[in-house]
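Novice: For reference, the file start.pdb (PDB, C-alpha atoms, pLDDT in the B column) is included below:
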```pdb
ATOM      1  CA  MET E   1    -182.405 252.954 189.650  1.00 49.00           C
ATOM      2  CA  ASN E   2    -184.554 251.244 187.064  1.00 42.00           C
ATOM      3  CA  GLY E   3    -187.245 248.785 188.112  1.00 44.00           C
ATOM      4  CA  SER E   4    -187.535 247.402 191.597  1.00 57.00           C
ATOM      5  CA  THR E   5    -185.391 248.730 194.409  1.00 80.00           C
ATOM      6  CA  ASP E   6    -185.709 245.496 196.390  1.00 95.00           C
ATOM      7  CA  PHE E   7    -182.598 243.485 197.004  1.00 98.00           C
ATOM      8  CA  VAL E   8    -183.297 240.000 195.655  1.00 97.00           C
ATOM      9  CA  LEU E   9    -181.580 237.036 197.271  1.00 98.00           C
ATOM     10  CA  GLN E  10    -181.926 234.232 194.743  1.00 97.00           C
ATOM     11  CA  ARG E  11    -180.789 230.969 196.268  1.00 97.00           C
ATOM     12  CA  ILE E  12    -178.641 229.003 193.875  1.00 95.00           C
ATOM     13  CA  GLN E  13    -177.495 226.034 195.985  1.00 93.00           C
ATOM     14  CA  CYS E  14    -179.094 224.388 199.002  1.00 91.00           C
ATOM     15  CA  SER E  15    -177.256 221.555 200.694  1.00 86.00           C
ATOM     16  CA  GLU E  16    -176.795 220.129 204.165  1.00 82.00           C
ATOM     17  CA  GLY E  17    -175.573 222.923 206.429  1.00 86.00           C
ATOM     18  CA  VAL E  18    -175.123 225.701 203.846  1.00 94.00           C
ATOM     19  CA  THR E  19    -177.280 227.662 201.427  1.00 96.00           C
ATOM     20  CA  ILE E  20    -175.587 229.810 198.770  1.00 97.00           C
ATOM     21  CA  GLY E  21    -177.355 232.666 196.993  1.00 97.00           C
ATOM     22  CA  GLU E  22    -176.770 235.632 194.743  1.00 98.00           C
ATOM     23  CA  LEU E  23    -177.860 239.079 195.954  1.00 98.00           C
ATOM     24  CA  THR E  24    -178.924 241.548 193.275  1.00 97.00           C
ATOM     25  CA  LEU E  25    -180.422 245.036 193.222  1.00 96.00           C
ATOM     26  CA  ALA E  26    -182.300 246.194 190.112  1.00 92.00           C
ATOM     27  CA  SER E  27    -180.886 243.078 188.364  1.00 92.00           C
ATOM     28  CA  LEU E  28    -177.286 244.145 189.167  1.00 95.00           C
ATOM     29  CA  HIS E  29    -175.035 241.662 190.969  1.00 97.00           C
ATOM     30  CA  VAL E  30    -174.169 242.930 194.465  1.00 98.00           C
ATOM     31  CA  CYS E  31    -172.545 239.890 196.114  1.00 98.00           C
ATOM     32  CA  PHE E  32    -172.987 236.228 196.990  1.00 98.00           C
ATOM     33  CA  THR E  33    -174.563 235.059 200.243  1.00 98.00           C
ATOM     34  CA  GLN E  34    -174.301 232.148 202.638  1.00 97.00           C
ATOM     35  CA  GLU E  35    -176.924 231.038 205.138  1.00 96.00           C
ATOM     36  CA  ASN E  36    -176.121 228.274 207.596  1.00 93.00           C
ATOM     37  CA  THR E  37    -179.788 228.158 208.617  1.00 92.00           C
ATOM     38  CA  PRO E  38    -181.984 229.312 205.707  1.00 93.00           C
ATOM     39  CA  ILE E  39    -184.405 232.146 206.413  1.00 95.00           C
ATOM     40  CA  GLU E  40    -187.969 231.594 205.227  1.00 95.00           C
ATOM     41  CA  CYS E  41    -188.592 232.850 201.693  1.00 96.00           C
ATOM     42  CA  GLY E  42    -190.487 236.137 201.573  1.00 97.00           C
ATOM     43  CA  ARG E  43    -190.131 239.911 201.424  1.00 97.00           C
ATOM     44  CA  TYR E  44    -188.603 241.706 204.404  1.00 98.00           C
ATOM     45  CA  ARG E  45    -187.889 245.329 205.283  1.00 97.00           C
ATOM     46  CA  ILE E  46    -184.214 246.051 206.043  1.00 97.00           C
ATOM     47  CA  GLU E  47    -183.278 248.430 208.852  1.00 97.00           C
ATOM     48  CA  ARG E  48    -179.830 249.218 210.189  1.00 97.00           C
ATOM     49  CA  THR E  49    -179.847 248.634 213.946  1.00 97.00           C
ATOM     50  CA  TYR E  50    -177.317 247.967 216.690  1.00 98.00           C
ATOM     51  CA  SER E  51    -176.419 244.303 217.160  1.00 95.00           C
ATOM     52  CA  GLU E  52    -175.391 243.165 220.644  1.00 94.00           C
ATOM     53  CA  ARG E  53    -173.884 240.015 219.115  1.00 93.00           C
ATOM     54  CA  PHE E  54    -171.601 241.923 216.716  1.00 94.00           C
ATOM     55  CA  GLN E  55    -171.246 245.109 218.812  1.00 94.00           C
ATOM     56  CA  LYS E  56    -171.980 247.358 215.831  1.00 95.00           C
ATOM     57  CA  THR E  57    -174.791 248.608 213.619  1.00 97.00           C
ATOM     58  CA  THR E  58    -175.662 246.121 210.878  1.00 97.00           C
ATOM     59  CA  PRO E  59    -178.565 245.619 208.455  1.00 98.00           C
ATOM     60  CA  MET E  60    -181.357 243.494 209.932  1.00 98.00           C
ATOM     61  CA  LEU E  61    -184.342 241.850 208.225  1.00 98.00           C
ATOM     62  CA  VAL E  62    -187.423 242.989 210.137  1.00 97.00           C
ATOM     63  CA  GLY E  63    -189.475 239.956 211.121  1.00 96.00           C
ATOM     64  CA  PRO E  64    -186.971 237.124 211.238  1.00 96.00           C
ATOM     65  CA  GLY E  65    -184.341 239.388 212.817  1.00 96.00           C
ATOM     66  CA  ALA E  66    -181.636 237.995 210.525  1.00 97.00           C
ATOM     67  CA  ARG E  67    -178.480 240.107 210.259  1.00 97.00           C
ATOM     68  CA  VAL E  68    -176.697 240.817 206.964  1.00 98.00           C
ATOM     69  CA  VAL E  69    -173.015 240.644 207.901  1.00 97.00           C
ATOM     70  CA  PRO E  70    -169.521 239.630 206.791  1.00 97.00           C
ATOM     71  CA  ASN E  71    -168.150 236.469 208.385  1.00 95.00           C
ATOM     72  CA  TYR E  72    -166.876 236.908 211.931  1.00 91.00           C
ATOM     73  CA  PRO E  73    -164.658 233.906 212.769  1.00 88.00           C
ATOM     74  CA  GLY E  74    -165.398 232.643 216.255  1.00 86.00           C
ATOM     75  CA  LYS E  75    -168.864 234.267 216.358  1.00 88.00           C
ATOM     76  CA  ASP E  76    -172.190 232.437 216.183  1.00 90.00           C
ATOM     77  CA  MET E  77    -173.344 233.055 212.597  1.00 93.00           C
ATOM     78  CA  GLU E  78    -176.640 231.117 212.840  1.00 92.00           C
ATOM     79  CA  GLY E  79    -179.589 233.120 211.527  1.00 92.00           C
ATOM     80  CA  CYS E  80    -177.334 235.479 209.546  1.00 97.00           C
ATOM     81  CA  ILE E  81    -176.966 236.217 205.859  1.00 98.00           C
ATOM     82  CA  ILE E  82    -173.211 236.227 205.342  1.00 97.00           C
ATOM     83  CA  THR E  83    -172.053 238.297 202.381  1.00 97.00           C
ATOM     84  CA  GLY E  84    -169.164 237.379 200.099  1.00 97.00           C
ATOM     85  CA  TYR E  85    -167.437 238.590 196.980  1.00 96.00           C
ATOM     86  CA  ASP E  86    -167.027 235.033 195.705  1.00 96.00           C
ATOM     87  CA  HIS E  87    -168.327 231.566 196.602  1.00 95.00           C
ATOM     88  CA  THR E  88    -167.634 227.853 196.501  1.00 91.00           C
ATOM     89  CA  GLN E  89    -169.959 224.943 197.279  1.00 88.00           C
ATOM     90  CA  SER E  90    -169.013 225.223 200.948  1.00 90.00           C
ATOM     91  CA  GLY E  91    -169.493 228.967 201.479  1.00 93.00           C
ATOM     92  CA  VAL E  92    -168.590 232.518 200.573  1.00 96.00           C
ATOM     93  CA  SER E  93    -165.191 234.228 200.611  1.00 95.00           C
ATOM     94  CA  ASP E  94    -163.907 237.804 200.745  1.00 96.00           C
ATOM     95  CA  THR E  95    -166.810 238.606 203.043  1.00 96.00           C
ATOM     96  CA  GLN E  96    -165.748 242.164 203.862  1.00 97.00           C
ATOM     97  CA  LEU E  97    -165.782 243.078 200.148  1.00 97.00           C
ATOM     98  CA  GLY E  98    -169.286 241.663 199.751  1.00 97.00           C
ATOM     99  CA  TYR E  99    -170.462 243.471 202.879  1.00 98.00           C
ATOM    100  CA  ARG E 100    -169.082 246.823 201.684  1.00 97.00           C
ATOM    101  CA  GLU E 101    -171.094 246.466 198.469  1.00 97.00           C
ATOM    102  CA  VAL E 102    -174.308 245.818 200.403  1.00 98.00           C
ATOM    103  CA  ILE E 103    -173.702 248.783 202.730  1.00 98.00           C
ATOM    104  CA  LYS E 104    -172.906 251.059 199.772  1.00 97.00           C
ATOM    105  CA  TRP E 105    -176.236 250.240 198.109  1.00 97.00           C
ATOM    106  CA  ILE E 106    -178.237 250.506 201.329  1.00 97.00           C
ATOM    107  CA  ALA E 107    -176.712 253.945 201.995  1.00 96.00           C
ATOM    108  CA  THR E 108    -177.527 255.042 198.430  1.00 95.00           C
ATOM    109  CA  LEU E 109    -181.183 254.063 198.869  1.00 94.00           C
ATOM    110  CA  GLU E 110    -181.387 255.648 202.327  1.00 93.00           C
ATOM    111  CA  THR E 111    -180.006 258.994 201.125  1.00 94.00           C
ATOM    112  CA  GLN E 112    -182.775 259.019 198.497  1.00 93.00           C
ATOM    113  CA  ASN E 113    -185.359 258.182 201.208  1.00 92.00           C
ATOM    114  CA  ILE E 114    -186.165 254.902 199.459  1.00 93.00           C
ATOM    115  CA  PRO E 115    -187.278 252.106 201.808  1.00 93.00           C
ATOM    116  CA  VAL E 116    -184.898 249.136 201.708  1.00 95.00           C
ATOM    117  CA  TRP E 117    -186.411 245.663 201.221  1.00 97.00           C
ATOM    118  CA  MET E 118    -185.105 242.167 200.504  1.00 97.00           C
ATOM    119  CA  GLN E 119    -186.930 239.371 198.702  1.00 97.00           C
ATOM    120  CA  ILE E 120    -185.643 235.900 199.481  1.00 97.00           C
ATOM    121  CA  LYS E 121    -186.424 233.377 196.742  1.00 97.00           C
ATOM    122  CA  ALA E 122    -186.096 229.602 196.561  1.00 93.00           C
ATOM    123  CA  PRO E 123    -183.762 228.105 193.947  1.00 90.00           C
ATOM    124  CA  GLU E 124    -185.265 228.173 190.472  1.00 82.00           C
ATOM    125  CA  GLY E 125    -187.473 225.128 189.947  1.00 75.00           C
ATOM    126  CA  GLU E 126    -188.110 224.642 193.681  1.00 70.00           C
ATOM    127  CA  ARG E 127    -191.091 225.765 195.699  1.00 63.00           C
ATOM    128  CA  ALA E 128    -190.574 228.209 198.547  1.00 58.00           C
ATOM    129  CA  SER E 129    -191.009 226.694 201.983  1.00 52.00           C
ATOM    130  CA  GLY E 130    -193.476 228.281 204.384  1.00 44.00           C
TER     131      GLY E 130
END
```
Translate this structure into structure tokens?
Specialist:
Amino acid sequence: MNGSTDFVLQRIQCSEGVTIGELTLASLHVCFTQENTPIECGRYRIERTYSERFQKTTPMLVGPGARVVPNYPGKDMEGCIITGYDHTQSGVSDTQLGYREVIKWIATLETQNIPVWMQIKAPEGERASG
């Protein structure tokens, strides 16, 4: 990988009830993201841990405890970064495809013993909150 090995979540749309972003790694598009409750901008370590809520191991941002997951209809998705292959103004779609891309890249970094981090950035032209 050239350059930074941080995932970068660049928010591209913030509106009432939904925040859409683009997740990249080393400037390569990985997927789109949706947050129903935006996580504070910053840099967070990612660890894969067991989630009681989802009953499986998922990536978690250390600190805020936010999970990186596909959409689970009927589950409480507050505080999660939902992955998606595509997006509209109201959210992301094809969430399993987006999630598989994230997991593929995390596994690649882990097999090379590279720590996995995510930077969350405010939309261009806006100041980060917090």
Novice: Just how far from CA of Leu25 in chain E is CA of Gly79 in chain E, in Å to one decimal?
Specialist: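 Interatomic distance here is 21.9 Å.
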Novice: Apply the PyMOL selection byres ((chain E and resi 111-126) around 6) to the file shown and report the selected residues as a list in words.
Specialist: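 Residues picked by the PyMOL selection byres ((chain E and resi 111-126) around 6): Asp6, Phe7, Val8, Leu9, Gln10, Arg11, Ile12, Cys41, Gly42, Arg43, Tyr44, Arg45, Ile46, Thr108, Leu109, Glu110, Arg127 and Ala128 of chain E.
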Novice: Selection in question (the file shown): the PyMOL selection byres ((chain E and resi 14-19) around 7). Which residues does it include, as a list in words?
Specialist: Ile12, Gln13, Ile20, Gly21, Gln34, Glu35, Asn36, Pro38, Ser90 and Gly91 of chain E
Novice: Using all atoms listed in the file, which of E:Thr37, E:Thr88, E:Thr83, E:Thr24 sits nearest Pro64 in chain E?
Specialist: E:Thr37
Novice: Written as a ChimeraX atom specification, which residues does the PyMOL selection byres ((chain E and resi 70) around 7) give for the file shown?
Specialist: /E:69,71-72,82-83,95-96,99
Novice: What does the distance between CA of Gly98 in chain E and CA of Cys31 in chain E come to in Å, to one decimal place?
Specialist: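 About the pair CA of Gly98 in chain E and CA of Cys31 in chain E: they are 5.2 Å apart.
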Novice: One decimal, Å: what's the distance from CA of Glu47 in chain E over to CA of Leu97 in chain E, could you say?
Specialist: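 So the answer is 20.3 Å.
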Novice: Please report, as JSON, the centre and edge lengths in Å to one decimal of an axis-aligned box covering all listed atoms of range 80-84 of chain E with 5 Å per side.
Specialist:
```
{"center_x": -173.2, "center_y": 236.9, "center_z": 204.8, "size_x": 18.2, "size_y": 12.8, "size_z": 19.4}
```
Novice: For a quick check of understanding, using all atoms listed in the file, which of E:Ala26, E:Trp105, E:Asp86, E:Arg67 has the smallest distance to Arg53 in chain E?
Specialist: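 Result for the nearest residue to Arg53 in chain E: E:Arg67.
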Novice: Could you tell me which of E:Ile103, E:Tyr85, E:Met60, E:Ser93 comes closest to His29 in chain E if we count only C-alpha atoms?
Specialist: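 Smallest separation from His29 in chain E among the options: E:Tyr85.
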